[in-house]
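Q: Structure: input.tsv, TSV, C-alpha atoms and all ligand atoms.
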chain	number	residue	atom	x	y	z
Q	22	MET	CA	-116.77	7.86	42.74
Q	23	LYS	CA	-119.19	5.21	41.44
Q	24	THR	CA	-117.86	1.82	40.35
Q	25	ALA	CA	-117.81	1.92	36.53
Q	26	LEU	CA	-118.80	-1.72	35.99
Q	27	THR	CA	-120.03	-4.35	38.42
Q	28	ILE	CA	-120.99	-7.86	37.40
Q	29	THR	CA	-122.46	-10.13	40.02
Q	30	ASN	CA	-123.14	-13.84	39.86
Q	31	LEU	CA	-123.11	-13.69	36.06
Q	32	SER	CA	-123.69	-16.88	34.08
Q	33	HIS	CA	-124.20	-17.35	30.35
Q	34	GLN	CA	-125.37	-20.38	28.43
Q	35	TYR	CA	-125.92	-20.83	24.71
Q	36	ALA	CA	-128.65	-23.14	23.51
Q	37	ASN	CA	-128.46	-25.11	20.27
Q	38	ALA	CA	-129.96	-28.28	18.82
Q	39	ALA	CA	-127.54	-30.41	20.85
Q	40	GLY	CA	-128.59	-28.79	24.14
Q	41	THR	CA	-127.24	-25.94	26.25
Q	42	ARG	CA	-123.61	-25.06	26.76
Q	43	ALA	CA	-122.53	-23.10	29.85
Q	44	VAL	CA	-119.83	-20.57	28.94
Q	45	LEU	CA	-119.74	-18.35	32.05
Q	46	ASP	CA	-120.45	-19.79	35.47
Q	47	HIS	CA	-121.27	-17.36	38.31
Q	48	VAL	CA	-118.63	-14.73	37.55
Q	49	ASP	CA	-118.06	-11.62	39.70
Q	50	LEU	CA	-115.95	-8.64	38.66
Q	51	SER	CA	-115.81	-4.90	39.21
Q	52	VAL	CA	-113.89	-2.21	37.36
Q	53	GLN	CA	-113.25	1.14	39.06
Q	54	PRO	CA	-112.67	4.48	37.32
Q	55	GLY	CA	-108.94	4.75	36.62
Q	56	GLN	CA	-108.52	0.98	36.42
Q	57	MET	CA	-107.49	-1.18	33.46
Q	58	ILE	CA	-108.39	-4.87	33.69
Q	59	GLY	CA	-107.15	-7.59	31.33
Q	60	VAL	CA	-108.93	-10.89	30.67
Q	61	PHE	CA	-107.01	-13.78	29.14
Q	62	GLY	CA	-108.40	-17.11	28.05
Q	63	ASP	CA	-108.10	-19.73	25.32
Q	64	SER	CA	-110.05	-19.31	22.12
Q	65	GLY	CA	-113.64	-20.29	22.92
Q	66	ALA	CA	-113.22	-19.67	26.67
Q	67	GLY	CA	-115.98	-17.03	26.62
Q	68	LYS	CA	-114.13	-13.69	26.57
Q	69	THR	CA	-116.31	-12.14	23.86
Q	70	THR	CA	-119.44	-13.45	25.57
Q	71	LEU	CA	-118.37	-11.81	28.86
Q	72	LEU	CA	-117.54	-8.51	27.14
Q	73	LEU	CA	-120.87	-8.44	25.25
Q	74	ASN	CA	-122.68	-9.13	28.55
Q	75	CYS	CA	-120.79	-6.18	30.11
Q	76	GLY	CA	-121.35	-3.96	27.06
Q	77	THR	CA	-125.18	-4.15	27.32
Q	78	MET	CA	-125.45	-6.12	24.08
Q	79	LEU	CA	-126.09	-9.65	25.34
Q	80	LYS	CA	-128.29	-10.29	28.36
Q	81	PRO	CA	-126.70	-12.93	30.58
Q	82	THR	CA	-128.72	-16.03	31.38
Q	83	GLU	CA	-128.34	-15.18	35.08
Q	84	GLY	CA	-126.84	-12.42	37.20
Q	85	ASP	CA	-126.53	-8.65	37.11
Q	86	VAL	CA	-124.54	-6.09	35.14
Q	87	GLU	CA	-124.39	-2.54	36.54
Q	88	ILE	CA	-122.83	0.46	34.81
Q	89	GLN	CA	-122.22	3.21	37.39
Q	90	GLY	CA	-124.69	1.45	39.67
Q	91	LEU	CA	-127.47	1.16	37.03
Q	92	PRO	CA	-128.68	-2.40	36.38
Q	93	VAL	CA	-128.51	-2.24	32.59
Q	94	TYR	CA	-130.72	-5.22	31.79
Q	95	ASP	CA	-133.52	-4.04	34.14
Q	96	VAL	CA	-134.08	-0.71	32.36
Q	97	THR	CA	-136.02	-0.11	29.12
Q	98	ALA	CA	-134.37	-0.78	25.75
Q	99	GLY	CA	-134.30	2.99	25.15
Q	100	GLU	CA	-132.53	3.67	28.45
Q	101	ARG	CA	-130.09	0.86	27.69
Q	102	ALA	CA	-129.35	2.41	24.28
Q	103	GLN	CA	-128.59	5.74	26.02
Q	104	ILE	CA	-126.20	4.04	28.44
Q	105	ARG	CA	-124.52	2.25	25.54
Q	106	ALA	CA	-124.18	5.43	23.48
Q	107	HIS	CA	-122.92	7.75	26.19
Q	108	LYS	CA	-121.21	5.71	28.87
Q	109	ILE	CA	-119.59	2.88	26.91
Q	110	GLY	CA	-117.00	2.73	24.16
Q	111	TYR	CA	-116.82	-0.72	22.57
Q	112	LEU	CA	-114.15	-2.14	20.30
Q	113	PHE	CA	-115.67	-5.26	18.71
Q	114	GLN	CA	-113.46	-8.24	17.95
Q	115	THR	CA	-114.95	-8.00	14.45
Q	116	LEU	CA	-114.41	-4.18	14.42
Q	117	GLN	CA	-117.76	-3.33	12.75
Q	118	LEU	CA	-116.54	-0.23	10.92
Q	119	ILE	CA	-119.01	0.98	8.30
Q	120	PRO	CA	-117.47	0.39	4.86
Q	121	TYR	CA	-119.31	3.26	3.11
Q	122	LEU	CA	-117.99	5.94	5.47
Q	123	THR	CA	-114.54	7.47	5.84
Q	124	LEU	CA	-112.63	6.79	9.03
Q	125	GLN	CA	-113.46	10.28	10.27
Q	126	GLU	CA	-117.17	9.69	9.57
Q	127	ASN	CA	-116.99	6.29	11.27
Q	128	LEU	CA	-115.72	7.99	14.42
Q	129	ARG	CA	-118.38	10.70	14.32
Q	130	LEU	CA	-121.44	8.58	13.51
Q	131	PRO	CA	-122.33	6.82	16.78
Q	132	SER	CA	-121.69	9.74	19.12
Q	133	GLY	CA	-122.04	12.87	16.96
Q	134	SER	CA	-118.47	13.79	17.95
Q	135	SER	CA	-116.90	16.83	16.28
Q	136	VAL	CA	-114.50	16.71	13.33
Q	137	GLY	CA	-111.82	18.05	15.68
Q	138	ALA	CA	-112.35	15.29	18.25
Q	139	ALA	CA	-112.34	12.61	15.55
Q	140	ASP	CA	-109.10	13.92	14.05
Q	141	THR	CA	-107.45	14.21	17.47
Q	142	TRP	CA	-108.19	10.57	18.26
Q	143	LEU	CA	-107.12	9.38	14.82
Q	144	ASP	CA	-103.81	11.19	15.42
Q	145	ARG	CA	-103.41	9.52	18.81
Q	146	VAL	CA	-103.66	6.05	17.27
Q	147	GLY	CA	-101.27	6.94	14.44
Q	148	LEU	CA	-103.92	7.37	11.73
Q	149	GLY	CA	-103.79	11.15	11.29
Q	150	ASP	CA	-103.19	10.80	7.54
Q	151	TRP	CA	-106.08	8.36	7.02
Q	152	ALA	CA	-109.11	10.36	8.18
Q	153	GLN	CA	-110.59	10.65	4.66
Q	154	HIS	CA	-110.00	7.02	3.70
Q	155	LYS	CA	-112.63	4.30	3.89
Q	156	PRO	CA	-111.91	1.14	5.89
Q	157	ASP	CA	-111.36	-0.95	2.73
Q	158	ALA	CA	-108.27	1.14	1.93
Q	159	LEU	CA	-106.66	0.28	5.27
Q	160	SER	CA	-104.81	-2.75	6.56
Q	161	HIS	CA	-106.56	-4.83	9.22
Q	162	GLY	CA	-104.22	-3.44	11.87
Q	163	GLN	CA	-105.03	0.13	10.81
Q	164	ARG	CA	-108.75	-0.66	10.92
Q	165	GLN	CA	-108.26	-2.07	14.40
Q	166	ARG	CA	-106.68	1.20	15.57
Q	167	GLY	CA	-109.51	3.12	13.87
Q	168	ALA	CA	-112.05	1.05	15.81
Q	169	LEU	CA	-110.14	1.84	19.01
Q	170	ALA	CA	-110.32	5.58	18.25
Q	171	ARG	CA	-114.09	5.23	17.67
Q	172	ALA	CA	-114.43	3.57	21.11
Q	173	LEU	CA	-112.66	6.51	22.79
Q	174	VAL	CA	-113.73	9.61	20.84
Q	175	HIS	CA	-116.80	10.41	22.97
Q	176	GLN	CA	-114.86	10.06	26.26
Q	177	PRO	CA	-117.03	7.26	27.69
Q	178	GLU	CA	-116.85	6.18	31.35
Q	179	LEU	CA	-116.06	2.58	30.37
Q	180	VAL	CA	-114.11	1.25	27.40
Q	181	ILE	CA	-114.46	-2.42	26.49
Q	182	ALA	CA	-111.92	-3.71	23.97
Q	183	ASP	CA	-112.10	-7.23	22.54
Q	184	GLU	CA	-108.60	-8.30	21.44
Q	185	PRO	CA	-107.52	-4.80	20.38
Q	186	THR	CA	-104.00	-5.92	19.40
Q	187	GLY	CA	-104.91	-9.18	17.65
Q	188	ASN	CA	-103.46	-8.14	14.29
Q	189	LEU	CA	-100.85	-5.59	15.30
Q	190	ASP	CA	-97.07	-5.68	15.30
Q	191	ARG	CA	-95.36	-5.20	18.65
Q	192	LYS	CA	-94.88	-1.43	18.25
Q	193	ASN	CA	-98.52	-0.77	17.39
Q	194	GLY	CA	-99.67	-3.26	20.03
Q	195	GLU	CA	-97.76	-1.28	22.67
Q	196	LEU	CA	-99.27	1.95	21.27
Q	197	VAL	CA	-102.79	0.54	21.73
Q	198	PHE	CA	-102.13	-0.55	25.32
Q	199	ARG	CA	-100.48	2.82	26.04
Q	200	VAL	CA	-103.56	4.68	24.70
Q	201	LEU	CA	-105.83	2.51	26.87
Q	202	ARG	CA	-103.56	3.02	29.93
Q	203	ASP	CA	-103.60	6.81	29.38
Q	204	PHE	CA	-107.39	6.67	29.10
Q	205	ALA	CA	-107.54	4.87	32.47
Q	206	ASP	CA	-105.07	7.35	33.99
Q	207	SER	CA	-107.38	10.17	32.94
Q	208	GLY	CA	-110.18	8.56	35.00
Q	209	GLY	CA	-111.79	6.09	32.58
Q	210	ALA	CA	-112.39	2.41	33.28
Q	211	VAL	CA	-111.01	-0.15	30.82
Q	212	LEU	CA	-111.83	-3.83	30.31
Q	213	VAL	CA	-109.73	-5.66	27.70
Q	214	ALA	CA	-109.78	-9.24	26.41
Q	215	SER	CA	-106.41	-10.25	25.03
Q	216	HIS	CA	-104.05	-13.06	24.12
Q	217	ASP	CA	-101.14	-10.62	24.29
Q	218	ASP	CA	-98.91	-10.97	27.38
Q	219	SER	CA	-97.55	-7.45	26.97
Q	220	ILE	CA	-100.82	-6.10	28.43
Q	221	GLU	CA	-99.55	-7.18	31.86
Q	222	ALA	CA	-97.17	-4.19	31.89
Q	223	TYR	CA	-100.16	-1.82	31.47
Q	224	ALA	CA	-103.10	-3.40	33.32
Q	225	ASP	CA	-103.76	-3.02	37.04
Q	226	ARG	CA	-105.18	-6.54	37.30
Q	227	CYS	CA	-105.33	-9.50	34.92
Q	228	PHE	CA	-107.62	-12.53	35.05
Q	229	ASP	CA	-107.71	-15.91	33.36
Q	230	LEU	CA	-111.06	-17.10	32.08
Q	231	GLN	CA	-111.19	-20.87	32.18
Q	232	ASP	CA	-114.06	-23.34	32.56
Q	233	GLY	CA	-116.44	-20.43	33.02
Q	234	SER	CA	-114.57	-18.87	35.97
Q	235	LEU	CA	-112.26	-15.89	36.37
Q	236	THR	CA	-109.05	-16.38	38.35
Q	237	GLU	CA	-106.73	-13.46	39.07
Q	238	LYS	CA	-103.26	-13.92	37.62
Q	239	SER	CA	-100.44	-13.38	40.09
Q	240	ARG	CA	-98.19	-10.49	39.04
Q	241	GLN	CA	-94.58	-11.01	38.05
Q	242	PRO	CA	-92.27	-9.36	40.62
Q	301	LIG	N1	-124.23	-17.01	19.37
Q	301	LIG	C1	-123.73	-18.17	19.81
Q	301	LIG	N2	-124.47	-19.30	19.80
Q	301	LIG	C2	-123.99	-20.47	20.27
Q	301	LIG	N3	-122.75	-20.62	20.78
Q	301	LIG	C3	-121.96	-19.53	20.80
Q	301	LIG	C4	-122.39	-18.26	20.33
Q	301	LIG	N4	-121.40	-17.35	20.49
Q	301	LIG	C5	-120.37	-18.04	21.05
Q	301	LIG	N5	-120.70	-19.34	21.23
Q	301	LIG	C6	-119.85	-20.38	21.82
Q	301	LIG	O1	-119.48	-19.94	23.13
Q	301	LIG	C7	-118.11	-20.24	23.40
Q	301	LIG	C8	-117.38	-18.98	23.80
Q	301	LIG	O2	-117.29	-18.12	22.66
Q	301	LIG	P1	-116.60	-16.70	22.75
Q	301	LIG	O3	-116.71	-16.09	21.39
Q	301	LIG	O4	-117.18	-15.95	23.88
Q	301	LIG	O5	-115.09	-17.11	23.08
Q	301	LIG	P2	-113.74	-16.25	23.06
Q	301	LIG	O6	-113.03	-16.55	24.35
Q	301	LIG	O7	-114.06	-14.83	22.77
Q	301	LIG	O8	-112.91	-16.89	21.86
Q	301	LIG	P3	-111.84	-16.18	20.84
Q	301	LIG	O9	-110.55	-16.02	21.64
Q	301	LIG	O10	-111.70	-17.19	19.74
Q	301	LIG	O11	-112.40	-14.89	20.39
Q	301	LIG	C9	-117.59	-20.93	22.13
Q	301	LIG	O12	-117.63	-22.32	22.32
Q	301	LIG	C10	-118.55	-20.53	21.06
Q	301	LIG	O13	-118.67	-21.50	20.07
Q	302	MG	MG	-113.55	-13.54	21.28
Go through the file and emit its structure as structure tokens.
Ligand SMILES: Nc1ncnc2c1ncn2[C@@H]1O[C@H](COP(=O)(O)OP(=O)(O)OP(=O)(O)O)[C@@H](O)[C@H]1O
Ligand SMILES: [Mg+2]
A:
Amino acid sequence: MKTALTITNLSHQYANAAGTRAVLDHVDLSVQPGQMIGVFGDSGAGKTTLLLNCGTMLKPTEGDVEIQGLPVYDVTAGERAQIRAHKIGYLFQTLQLIPYLTLQENLRLPSGSSVGAADTWLDRVGLGDWAQHKPDALSHGQRQRGALARALVHQPELVIADEPTGNLDRKNGELVFRVLRDFADSGGAVLVASHDDSIEAYADRCFDLQDGSLTEKSRQP
């Protein structure tokens, strides 16, 4: 089976008027099908930057990102859009649900998924009664679970979730990690940025992102 995600020698710098700031410094990571990987790090450590690099939305300053062996920043923009649409499910830290559409329509829009698939995934994240509501009518935590369902509804090879439990109570936080674990157990690959220690019970490997480098966290016995 092909490695779902491989990043090699990846560095990212942001430039502003004051100069350049290195956020990621020669990072390597791979995620296999069936694996769930957690990335911790202080606010500002670069988690979102790393996930956007992996999600084909932000070209790293240096290094390679491969999805199932395809170097995603070396292909045309059209090919990259196809990879993004079909192989990746992305839960943005800022959610990015469309306010004019119902939750069901939000799930169906990017992938053309069926009504049945959308409703099944809304049920799985505890939002079965909210399919016809627009995001404004939901709490932030409900919107977050809706965005998770949108990332999963088209059964991508790789799900990238940026702080998917940031606004959830413990019970719903565990539900989100359980849904992501089940997705990995069914053969998907999962990369999650989180501040939430409870992910350690669900992830196969966890890393700390600090000073631009990833260090694997030792597991509690
Ligand atoms: N578009 C940008 N232009 C310039 N600097 C940026 C940009 N995006 C992020 N940064 C800077 O890069 C650093 C890493 O930001 P990033 O959002 O990746 O961190 P994070 O670990 O996701 O933080 P949080 O836990 O708060 O979400 C921060 O210092 C941030 O200010
Ligand atoms: Mg972030």
Q: Please give me, as a ChimeraX atom specification, the residues lying within 7 Å of ligand MG 302 (chain Q) when counting all atoms listed in the file.
A: /Q:64-65,67-69,114,183
Q: Between atom CA of Ser134 of chain Q and atom CA of His175 of chain Q, what is the distance, to one decimal in Å?
A: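 Spanning atom CA of Ser134 of chain Q to atom CA of His175 of chain Q is a straight-line distance of 6.3 Å.
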Q: For a quick check of understanding, using all atoms listed in the file, which of Q:Leu148, Q:Leu73, Q:Ala138, Q:Ala172 has the smallest distance to ligand LIG 301 (chain Q)?
A: Q:Leu73
Q: Can you tell me which residues sit at most 10 Å away from ligand LIG 301 (chain Q), counting all atoms listed in the file, written as a short mmCIF file (atom, residue, chain, number, x, y, z; two decimals) with C-alpha atoms, in the frame of the given file?
A:
data_model
loop_
_atom_site.label_atom_id
_atom_site.label_comp_id
_atom_site.auth_asym_id
_atom_site.auth_seq_id
_atom_site.Cartn_x
_atom_site.Cartn_y
_atom_site.Cartn_z
CA HIS Q 33 -124.20 -17.35 30.35
CA GLN Q 34 -125.37 -20.38 28.43
CA TYR Q 35 -125.92 -20.83 24.71
CA ALA Q 36 -128.65 -23.14 23.51
CA ASN Q 37 -128.46 -25.11 20.27
CA ALA Q 38 -129.96 -28.28 18.82
CA THR Q 41 -127.24 -25.94 26.25
CA ARG Q 42 -123.61 -25.06 26.76
CA ALA Q 43 -122.53 -23.10 29.85
CA VAL Q 44 -119.83 -20.57 28.94
CA LEU Q 45 -119.74 -18.35 32.05
CA VAL Q 60 -108.93 -10.89 30.67
CA PHE Q 61 -107.01 -13.78 29.14
CA GLY Q 62 -108.40 -17.11 28.05
CA ASP Q 63 -108.10 -19.73 25.32
CA SER Q 64 -110.05 -19.31 22.12
CA GLY Q 65 -113.64 -20.29 22.92
CA ALA Q 66 -113.22 -19.67 26.67
CA GLY Q 67 -115.98 -17.03 26.62
CA LYS Q 68 -114.13 -13.69 26.57
CA THR Q 69 -116.31 -12.14 23.86
CA THR Q 70 -119.44 -13.45 25.57
CA LEU Q 71 -118.37 -11.81 28.86
CA LEU Q 72 -117.54 -8.51 27.14
CA LEU Q 73 -120.87 -8.44 25.25
CA ASN Q 74 -122.68 -9.13 28.55
CA LEU Q 79 -126.09 -9.65 25.34
CA GLN Q 114 -113.46 -8.24 17.95
CA THR Q 115 -114.95 -8.00 14.45
CA ASP Q 183 -112.10 -7.23 22.54
CA GLU Q 184 -108.60 -8.30 21.44
CA GLY Q 187 -104.91 -9.18 17.65
CA ALA Q 214 -109.78 -9.24 26.41
CA SER Q 215 -106.41 -10.25 25.03
CA HIS Q 216 -104.05 -13.06 24.12
CA LEU Q 230 -111.06 -17.10 32.08
CA GLN Q 231 -111.19 -20.87 32.18
CA GLY Q 233 -116.44 -20.43 33.02
#
Q: Can you tell me, as lines of an AutoDock Vina configuration file, the centre and edge lengths (Å, one decimal) of the axis-aligned box enclosing all of segment 53-60 of chain Q's listed atoms after padding each side by 5 Å?
A:
center_x = -110.2
center_y = -3.1
center_z = 34.9
size_x = 16.1
size_y = 25.6
size_z = 18.4
Q: In Å, rounded to a single decimal, give me how far atom CA of Pro177 of chain Q is from atom CA of Asp225 of chain Q.
A: 19.2 Å
Q: Using 9 Å as the limit and counting all atoms listed in the file, can you tabulate each residue of segment 154-227 of chain Q that touches segment 22-31 of chain Q, with its shortest atom-to-atom distance in Å and the two atoms involved, as a Markdown table?
A:
| residue | atom | partner | partner_atom | distance |
| --- | --- | --- | --- | --- |
| Q:Glu178 | CA | Q:Ala25 | CA | 6.8 |
| Q:Leu179 | CA | Q:Ala25 | CA | 6.4 |
| Q:Gly209 | CA | Q:Ala25 | CA | 8.3 |
| Q:Ala210 | CA | Q:Ala25 | CA | 6.3 |
Q: Dump C-alpha atoms for the selected residues as a PDB file, keeping the file's coordinate frame?
A:
ATOM      1  CA  GLU Q 178    -116.850   6.180  31.350  1.00  0.00           C
ATOM      2  CA  LEU Q 179    -116.060   2.580  30.370  1.00  0.00           C
ATOM      3  CA  GLY Q 209    -111.790   6.090  32.580  1.00  0.00           C
ATOM      4  CA  ALA Q 210    -112.390   2.410  33.280  1.00  0.00           C
TER       5      ALA Q 210
END
Q: What is the distance, in Å and to one decimal place, between atom CA of Leu201 of chain Q and atom CA of Gln163 of chain Q?
A: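 So the answer is 16.3 Å.
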Q: Which residue, Q:Gln53, Q:Ser32, Q:Ser132, Q:Gln153, has the smallest gap to Leu173 of chain Q when you use all atoms listed in the file?
A: Q:Ser132
Q: Using only C-alpha atoms, which of the listed residues (Q:Asn127, Q:Ser219, Q:Ser160, Q:Asn188) sits closest to Val174 of chain Q?
A: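 Going through Q:Asn127, Q:Ser219, Q:Ser160, Q:Asn188 one by one, the smallest distance to Val174 of chain Q is for Q:Asn127.
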Q: Considering all atoms listed in the file, state which residue in the set Q:Thr77, Q:Glu126, Q:Val86, Q:Ala224 is at the smallest distance from Gln103 of chain Q.
A: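 Closest to Gln103 of chain Q, using all atoms listed in the file: Q:Thr77.
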Q: Between Q:Gly90, Q:Gly110, Q:Gly55, Q:Gly162, which has the minimum distance to Ala182 of chain Q (counting all atoms listed in the file)?
A: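 Checking each candidate against Ala182 of chain Q, we get Q:Gly110 as the closest.
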Q: Could you give me, as a list in words, the residues within 10 Å of Leu169 of chain Q, counting only C-alpha atoms and dropping anything in the same chain fewer than 2 positions from it?
A: Gly110, Tyr111, Leu112, Phe113, Leu116, Leu128, Trp142, Leu143, Val146, Gln163, Arg164, Gln165, Arg166, Gly167, Arg171, Ala172, Leu173, Val174, Val180, Ile181, Ala182, Asp183, Pro185, Thr186, Val197, Val200 and Leu201 of chain Q
